[in-house]
>>> print(open('structure_10.txt').read())   # compact mmCIF, C-alpha atoms
# COMPACT_ATOMS: atom_id res chain seq x y z
CA MET P 1 71.41 -48.96 -81.67
CA LEU P 2 70.90 -48.09 -85.31
CA GLU P 3 69.78 -51.02 -87.45
CA ILE P 4 71.37 -51.02 -90.89
CA ALA P 5 70.42 -53.28 -93.77
CA ILE P 6 71.86 -52.45 -97.17
CA ASP P 7 71.24 -54.62 -100.22
CA ARG P 8 74.63 -55.17 -101.85
CA ASP P 9 72.98 -56.42 -105.03
CA GLN P 10 70.98 -53.29 -105.85
CA PRO P 11 72.12 -50.84 -108.56
CA ALA P 12 75.17 -48.78 -107.58
CA ALA P 13 73.31 -45.47 -107.28
CA GLU P 14 70.83 -46.98 -104.83
CA PHE P 15 73.55 -48.86 -102.94
CA TYR P 16 75.55 -45.66 -102.41
CA ALA P 17 72.44 -43.66 -101.48
CA ASP P 18 71.68 -46.25 -98.77
CA LEU P 19 75.32 -46.42 -97.65
CA THR P 20 75.50 -42.62 -97.41
CA ALA P 21 72.21 -42.38 -95.52
CA SER P 22 73.49 -45.00 -93.07
CA ALA P 23 76.80 -43.14 -92.66
CA VAL P 24 74.97 -39.87 -91.96
CA ALA P 25 72.79 -41.62 -89.36
CA LEU P 26 75.85 -43.20 -87.71
CA VAL P 27 77.68 -39.89 -87.20
CA ASP P 28 74.60 -37.81 -86.37
CA GLY P 29 75.10 -36.10 -83.03
CA GLU P 30 78.48 -37.71 -82.32
CA PRO P 31 81.22 -35.07 -81.95
CA ASP P 32 84.18 -37.49 -81.70
CA ALA P 33 85.92 -37.75 -85.07
CA ILE P 34 87.81 -40.96 -84.22
CA ALA P 35 84.63 -42.74 -83.12
CA ASN P 36 82.93 -41.60 -86.33
CA MET P 37 85.82 -42.79 -88.50
CA ALA P 38 85.74 -46.16 -86.74
CA ASN P 39 82.04 -46.64 -87.41
CA ILE P 40 82.32 -45.51 -91.04
CA ALA P 41 85.26 -47.86 -91.68
CA ALA P 42 83.21 -50.72 -90.18
CA LEU P 43 80.13 -49.78 -92.23
CA ILE P 44 82.08 -49.74 -95.49
CA TRP P 45 83.89 -52.98 -94.59
CA GLN P 46 80.60 -54.72 -93.81
CA TYR P 47 78.76 -53.74 -96.98
CA MET P 48 81.33 -53.23 -99.76
CA PRO P 49 82.39 -56.51 -101.32
CA ASP P 50 85.91 -57.40 -102.40
CA LEU P 51 87.88 -55.19 -100.01
CA ASN P 52 90.92 -56.17 -98.02
CA TRP P 53 91.27 -52.78 -96.27
CA ALA P 54 88.94 -49.88 -95.50
CA GLY P 55 89.89 -46.97 -93.33
CA PHE P 56 91.23 -43.53 -92.73
CA TYR P 57 94.49 -41.67 -92.63
CA ARG P 58 94.33 -38.38 -90.71
CA ARG P 59 96.41 -35.37 -91.68
CA ILE P 60 98.65 -34.40 -88.82
CA ASP P 61 101.09 -31.64 -89.68
CA ASP P 62 102.79 -32.63 -92.93
CA GLU P 63 101.96 -36.31 -93.03
CA LEU P 64 99.11 -38.78 -92.99
CA VAL P 65 98.78 -40.82 -89.81
CA LEU P 66 96.86 -44.08 -89.58
CA GLY P 67 93.33 -43.72 -88.24
CA PRO P 68 90.52 -46.19 -87.65
CA PHE P 69 90.32 -49.04 -90.15
CA GLN P 70 89.20 -52.59 -90.89
CA GLY P 71 91.62 -55.09 -92.39
CA LYS P 72 95.23 -56.14 -91.95
CA THR P 73 97.78 -54.03 -90.12
CA ALA P 74 98.82 -50.98 -92.11
CA CYS P 75 101.50 -48.39 -92.65
CA ILE P 76 101.35 -45.91 -89.78
CA ARG P 77 102.73 -42.77 -91.43
CA ILE P 78 102.65 -41.68 -95.06
CA ALA P 79 104.30 -38.51 -96.34
CA ILE P 80 102.06 -36.08 -98.18
CA GLY P 81 102.74 -36.76 -101.86
CA ALA P 82 103.94 -40.35 -101.33
CA GLY P 83 102.02 -43.32 -102.68
CA VAL P 84 98.35 -43.31 -103.58
CA CYS P 85 97.14 -41.85 -100.27
CA GLY P 86 99.82 -39.17 -100.19
CA THR P 87 99.08 -38.24 -103.80
CA ALA P 88 95.38 -37.81 -103.01
CA ALA P 89 96.33 -35.66 -100.03
CA ALA P 90 98.79 -33.53 -102.02
CA THR P 91 96.50 -32.96 -105.00
CA GLY P 92 93.14 -32.92 -103.24
CA GLU P 93 91.93 -35.24 -105.99
CA VAL P 94 90.45 -38.72 -105.80
CA GLN P 95 92.85 -41.46 -106.80
CA ARG P 96 91.20 -44.50 -108.42
CA VAL P 97 93.98 -46.90 -109.30
CA ALA P 98 93.27 -50.06 -111.29
CA ASP P 99 96.73 -51.58 -110.67
CA VAL P 100 98.60 -50.27 -107.66
CA HIS P 101 101.78 -52.04 -108.77
CA ALA P 102 101.87 -49.75 -111.82
CA PHE P 103 101.40 -46.59 -109.69
CA PRO P 104 104.69 -44.66 -109.38
CA GLY P 105 105.87 -44.70 -105.78
CA HIS P 106 103.15 -47.06 -104.56
CA ILE P 107 103.58 -47.97 -100.89
CA ALA P 108 102.81 -51.65 -100.43
CA CYS P 109 101.37 -51.90 -96.92
CA ASP P 110 99.69 -55.14 -98.01
CA ALA P 111 101.24 -57.02 -100.92
CA GLU P 112 97.83 -58.57 -101.68
CA SER P 113 96.29 -55.22 -102.59
CA ARG P 114 95.87 -54.83 -106.34
CA SER P 115 93.58 -51.78 -106.72
CA GLU P 116 92.84 -48.76 -104.59
CA LEU P 117 90.40 -45.89 -104.18
CA VAL P 118 91.43 -42.89 -102.08
CA VAL P 119 89.08 -39.97 -101.38
CA PRO P 120 90.43 -36.77 -99.83
CA ILE P 121 88.43 -35.46 -96.88
CA ILE P 122 88.06 -31.69 -97.08
CA ARG P 123 86.50 -29.76 -94.19
CA GLN P 124 86.11 -26.00 -94.33
CA GLY P 125 88.50 -25.88 -97.28
CA LYS P 126 91.27 -27.84 -95.55
CA LEU P 127 92.43 -31.42 -96.01
CA ILE P 128 91.83 -33.32 -92.77
CA GLY P 129 92.60 -36.80 -94.09
CA VAL P 130 91.75 -39.44 -96.65
CA LEU P 131 89.45 -42.43 -96.92
CA ASP P 132 91.43 -45.37 -98.29
CA LEU P 133 89.88 -48.51 -99.80
CA ASP P 134 92.02 -51.40 -101.04
CA SER P 135 91.04 -54.52 -102.92
CA PRO P 136 92.85 -57.74 -103.76
CA LEU P 137 91.15 -57.61 -107.18
CA PRO P 138 92.68 -55.65 -110.05
CA ASP P 139 90.48 -52.84 -111.37
CA ARG P 140 87.95 -53.36 -108.55
CA PHE P 141 86.75 -49.77 -108.33
CA GLU P 142 84.47 -48.31 -110.99
CA PRO P 143 83.40 -44.69 -111.60
CA ALA P 144 80.20 -45.42 -109.63
CA ASP P 145 82.32 -46.41 -106.60
CA GLU P 146 84.31 -43.21 -106.90
CA SER P 147 81.29 -40.93 -107.18
CA GLY P 148 79.45 -42.83 -104.44
CA MET P 149 82.33 -42.56 -101.98
CA VAL P 150 82.90 -38.89 -102.81
CA LYS P 151 79.25 -38.14 -102.00
CA LEU P 152 79.46 -40.19 -98.80
CA ILE P 153 82.57 -38.33 -97.59
CA GLU P 154 81.08 -34.95 -98.53
CA ALA P 155 77.97 -35.81 -96.49
CA ILE P 156 79.92 -36.60 -93.32
CA ALA P 157 83.16 -34.57 -93.60
CA ASP P 158 82.12 -32.17 -90.85
CA ASN P 159 81.87 -35.13 -88.45
CA LEU P 160 85.34 -36.46 -89.25
CA GLY P 161 87.56 -33.70 -87.96
>>> encode(input="structure_10.txt", output="structure tokens")
Amino acid sequence: MLEIAIDRDQPAAEFYADLTASAVALVDGEPDAIANMANIAALIWQYMPDLNWAGFYRRIDDELVLGPFQGKTACIRIAIGAGVCGTAAATGEVQRVADVHAFPGHIACDAESRSELVVPIIRQGKLIGVLDLDSPLPDRFEPADESGMVKLIEAIADNLG
């Protein structure tokens, strides 16, 4: 079993370098995308403070379907283009939302969520899903969180689908 110890209090660049290295080690040699998503969701949940949801939505046909996650029960299907996750999927762009209640068309799977970070997962030029992080704190996610999660997903995208 891989032993992981990440210092949450270190500077963001170092935190995300350690988190990414741990994610790469977790998926190394494992061909099952669902198992890899489950471990990555657990890793993020364990080490990122102030989250109330961390997980994946997988692209299946023309919608996003709930994948492995940590947190409260969630919406099962999201149309491409709907809400924060669907917008990230439709545009292929990260969505970092300081106040989800101000986001047009926000889908409230958990009324306690206040801010959200959604990173599209692109593999071989195609969207295969999104990583979704929710927080009960407004404006929880900073540019360093966005860039750190983008690098993490880029490092492991081939193992997620």
>>> residues_around(input="structure_10.txt", residues="Thr73 in chain P", least_positions_apart="6", cutoff="12 Å", atoms="only C-alpha atoms", output="PyMOL selection string")
chain P and resi 52-55+66-67+108-111
>>> residues_around(input="structure_10.txt", residues="Ile44 in chain P", least_positions_apart="5", cutoff="12 Å", atoms="all atoms listed in the file", output="PyMOL selection string")
chain P and resi 4+6+8+15-16+18-20+22-23+26+37-39+49-56+69-71+131-134+145+148-149+152-153
>>> atom_distance(input="structure_10.txt", atom1="CA of Ser115 in chain P", atom2="CA of Trp45 in chain P")
15.6 Å
>>> atom_distance(input="structure_10.txt", atom1="CA of Asn36 in chain P", atom2="CA of Val94 in chain P")
21.1 Å
>>> residues_around(input="structure_10.txt", residues="Arg140 in chain P", least_positions_apart="3", cutoff="7 Å", atoms="all atoms listed in the file", output="ChimeraX atom specification")
/P:98,115,135,137
>>> closest_residue(input="structure_10.txt", among="P:Val84, P:Ala42, P:Ala144, P:Ala5", to="Val118 in chain P", atoms="only C-alpha atoms")
P:Val84
>>> decode(input="structure_10.txt", residues="range 26-40 of chain P", atoms="all heavy atoms", output="PDB file, in the first residue's frame")
ATOM      1  N   LEU P  26      -0.741   6.841  -7.232  1.00  0.00           N
ATOM      2  CA  LEU P  26      -1.952   6.054  -6.997  1.00  0.00           C
ATOM      3  C   LEU P  26      -2.475   5.380  -8.259  1.00  0.00           C
ATOM      4  O   LEU P  26      -2.976   4.252  -8.205  1.00  0.00           O
ATOM      5  CB  LEU P  26      -3.062   6.931  -6.409  1.00  0.00           C
ATOM      6  CG  LEU P  26      -3.026   7.179  -4.924  1.00  0.00           C
ATOM      7  CD1 LEU P  26      -4.059   8.221  -4.528  1.00  0.00           C
ATOM      8  CD2 LEU P  26      -3.260   5.888  -4.145  1.00  0.00           C
ATOM      9  N   VAL P  27      -2.404   6.061  -9.401  1.00  0.00           N
ATOM     10  CA  VAL P  27      -2.973   5.509 -10.631  1.00  0.00           C
ATOM     11  C   VAL P  27      -1.955   4.711 -11.448  1.00  0.00           C
ATOM     12  O   VAL P  27      -2.329   4.036 -12.402  1.00  0.00           O
ATOM     13  CB  VAL P  27      -3.608   6.608 -11.510  1.00  0.00           C
ATOM     14  CG1 VAL P  27      -4.694   7.355 -10.743  1.00  0.00           C
ATOM     15  CG2 VAL P  27      -2.572   7.570 -12.055  1.00  0.00           C
ATOM     16  N   ASP P  28      -0.689   4.780 -11.058  1.00  0.00           N
ATOM     17  CA  ASP P  28       0.369   4.111 -11.818  1.00  0.00           C
ATOM     18  C   ASP P  28       0.101   2.612 -11.942  1.00  0.00           C
ATOM     19  O   ASP P  28      -0.027   1.907 -10.934  1.00  0.00           O
ATOM     20  CB  ASP P  28       1.731   4.337 -11.149  1.00  0.00           C
ATOM     21  CG  ASP P  28       2.868   3.738 -11.950  1.00  0.00           C
ATOM     22  OD1 ASP P  28       2.895   3.926 -13.185  1.00  0.00           O
ATOM     23  OD2 ASP P  28       3.727   3.074 -11.337  1.00  0.00           O
ATOM     24  N   GLY P  29      -0.001   2.149 -13.170  1.00  0.00           N
ATOM     25  CA  GLY P  29      -0.180   0.732 -13.434  1.00  0.00           C
ATOM     26  C   GLY P  29      -1.595   0.212 -13.278  1.00  0.00           C
ATOM     27  O   GLY P  29      -1.852  -0.965 -13.522  1.00  0.00           O
ATOM     28  N   GLU P  30      -2.532   1.056 -12.861  1.00  0.00           N
ATOM     29  CA  GLU P  30      -3.925   0.606 -12.696  1.00  0.00           C
ATOM     30  C   GLU P  30      -4.734   1.011 -13.934  1.00  0.00           C
ATOM     31  O   GLU P  30      -4.928   2.201 -14.178  1.00  0.00           O
ATOM     32  CB  GLU P  30      -4.549   1.217 -11.443  1.00  0.00           C
ATOM     33  CG  GLU P  30      -6.020   0.859 -11.266  1.00  0.00           C
ATOM     34  CD  GLU P  30      -6.288  -0.639 -11.348  1.00  0.00           C
ATOM     35  OE1 GLU P  30      -5.706  -1.396 -10.554  1.00  0.00           O
ATOM     36  OE2 GLU P  30      -7.084  -1.048 -12.224  1.00  0.00           O
ATOM     37  N   PRO P  31      -5.229   0.048 -14.699  1.00  0.00           N
ATOM     38  CA  PRO P  31      -5.958   0.374 -15.925  1.00  0.00           C
ATOM     39  C   PRO P  31      -7.436   0.742 -15.718  1.00  0.00           C
ATOM     40  O   PRO P  31      -8.063   1.275 -16.627  1.00  0.00           O
ATOM     41  CB  PRO P  31      -5.842  -0.908 -16.753  1.00  0.00           C
ATOM     42  CG  PRO P  31      -5.728  -1.998 -15.724  1.00  0.00           C
ATOM     43  CD  PRO P  31      -4.976  -1.386 -14.569  1.00  0.00           C
ATOM     44  N   ASP P  32      -7.992   0.482 -14.538  1.00  0.00           N
ATOM     45  CA  ASP P  32      -9.422   0.719 -14.335  1.00  0.00           C
ATOM     46  C   ASP P  32      -9.695   2.182 -13.985  1.00  0.00           C
ATOM     47  O   ASP P  32      -9.289   2.672 -12.915  1.00  0.00           O
ATOM     48  CB  ASP P  32      -9.968  -0.184 -13.238  1.00  0.00           C
ATOM     49  CG  ASP P  32     -11.475  -0.110 -13.161  1.00  0.00           C
ATOM     50  OD1 ASP P  32     -11.991   0.796 -12.474  1.00  0.00           O
ATOM     51  OD2 ASP P  32     -12.136  -0.933 -13.816  1.00  0.00           O
ATOM     52  N   ALA P  33     -10.386   2.872 -14.868  1.00  0.00           N
ATOM     53  CA  ALA P  33     -10.656   4.303 -14.692  1.00  0.00           C
ATOM     54  C   ALA P  33     -11.505   4.585 -13.455  1.00  0.00           C
ATOM     55  O   ALA P  33     -11.261   5.565 -12.745  1.00  0.00           O
ATOM     56  CB  ALA P  33     -11.335   4.871 -15.939  1.00  0.00           C
ATOM     57  N   ILE P  34     -12.496   3.745 -13.189  1.00  0.00           N
ATOM     58  CA  ILE P  34     -13.377   3.977 -12.033  1.00  0.00           C
ATOM     59  C   ILE P  34     -12.595   3.830 -10.732  1.00  0.00           C
ATOM     60  O   ILE P  34     -12.729   4.645  -9.818  1.00  0.00           O
ATOM     61  CB  ILE P  34     -14.592   3.022 -12.069  1.00  0.00           C
ATOM     62  CG1 ILE P  34     -15.404   3.224 -13.347  1.00  0.00           C
ATOM     63  CG2 ILE P  34     -15.450   3.200 -10.819  1.00  0.00           C
ATOM     64  CD1 ILE P  34     -16.016   4.596 -13.513  1.00  0.00           C
ATOM     65  N   ALA P  35     -11.761   2.806 -10.646  1.00  0.00           N
ATOM     66  CA  ALA P  35     -10.931   2.631  -9.453  1.00  0.00           C
ATOM     67  C   ALA P  35     -10.011   3.831  -9.266  1.00  0.00           C
ATOM     68  O   ALA P  35      -9.831   4.323  -8.144  1.00  0.00           O
ATOM     69  CB  ALA P  35     -10.113   1.341  -9.558  1.00  0.00           C
ATOM     70  N   ASN P  36      -9.437   4.322 -10.363  1.00  0.00           N
ATOM     71  CA  ASN P  36      -8.545   5.482 -10.274  1.00  0.00           C
ATOM     72  C   ASN P  36      -9.299   6.730  -9.836  1.00  0.00           C
ATOM     73  O   ASN P  36      -8.813   7.488  -8.995  1.00  0.00           O
ATOM     74  CB  ASN P  36      -7.835   5.698 -11.606  1.00  0.00           C
ATOM     75  CG  ASN P  36      -6.776   4.647 -11.855  1.00  0.00           C
ATOM     76  OD1 ASN P  36      -6.225   4.064 -10.923  1.00  0.00           O
ATOM     77  ND2 ASN P  36      -6.486   4.383 -13.117  1.00  0.00           N
ATOM     78  N   MET P  37     -10.487   6.951 -10.388  1.00  0.00           N
ATOM     79  CA  MET P  37     -11.288   8.105  -9.967  1.00  0.00           C
ATOM     80  C   MET P  37     -11.631   8.009  -8.487  1.00  0.00           C
ATOM     81  O   MET P  37     -11.595   9.017  -7.771  1.00  0.00           O
ATOM     82  CB  MET P  37     -12.569   8.201 -10.795  1.00  0.00           C
ATOM     83  CG  MET P  37     -12.363   8.632 -12.210  1.00  0.00           C
ATOM     84  SD  MET P  37     -13.960   8.677 -13.073  1.00  0.00           S
ATOM     85  CE  MET P  37     -13.412   8.896 -14.747  1.00  0.00           C
ATOM     86  N   ALA P  38     -11.953   6.820  -8.023  1.00  0.00           N
ATOM     87  CA  ALA P  38     -12.298   6.637  -6.609  1.00  0.00           C
ATOM     88  C   ALA P  38     -11.127   7.009  -5.712  1.00  0.00           C
ATOM     89  O   ALA P  38     -11.293   7.726  -4.714  1.00  0.00           O
ATOM     90  CB  ALA P  38     -12.734   5.194  -6.361  1.00  0.00           C
ATOM     91  N   ASN P  39      -9.937   6.536  -6.055  1.00  0.00           N
ATOM     92  CA  ASN P  39      -8.773   6.858  -5.234  1.00  0.00           C
ATOM     93  C   ASN P  39      -8.413   8.340  -5.300  1.00  0.00           C
ATOM     94  O   ASN P  39      -8.024   8.936  -4.286  1.00  0.00           O
ATOM     95  CB  ASN P  39      -7.571   6.003  -5.650  1.00  0.00           C
ATOM     96  CG  ASN P  39      -7.360   4.831  -4.719  1.00  0.00           C
ATOM     97  OD1 ASN P  39      -7.871   4.805  -3.609  1.00  0.00           O
ATOM     98  ND2 ASN P  39      -6.593   3.862  -5.167  1.00  0.00           N
ATOM     99  N   ILE P  40      -8.547   8.958  -6.452  1.00  0.00           N
ATOM    100  CA  ILE P  40      -8.222  10.381  -6.573  1.00  0.00           C
ATOM    101  C   ILE P  40      -9.234  11.219  -5.796  1.00  0.00           C
ATOM    102  O   ILE P  40      -8.859  12.179  -5.106  1.00  0.00           O
ATOM    103  CB  ILE P  40      -8.137  10.812  -8.050  1.00  0.00           C
ATOM    104  CG1 ILE P  40      -7.023  10.044  -8.774  1.00  0.00           C
ATOM    105  CG2 ILE P  40      -7.929  12.323  -8.165  1.00  0.00           C
ATOM    106  CD1 ILE P  40      -5.657  10.098  -8.113  1.00  0.00           C
TER     107      ILE P  40
END
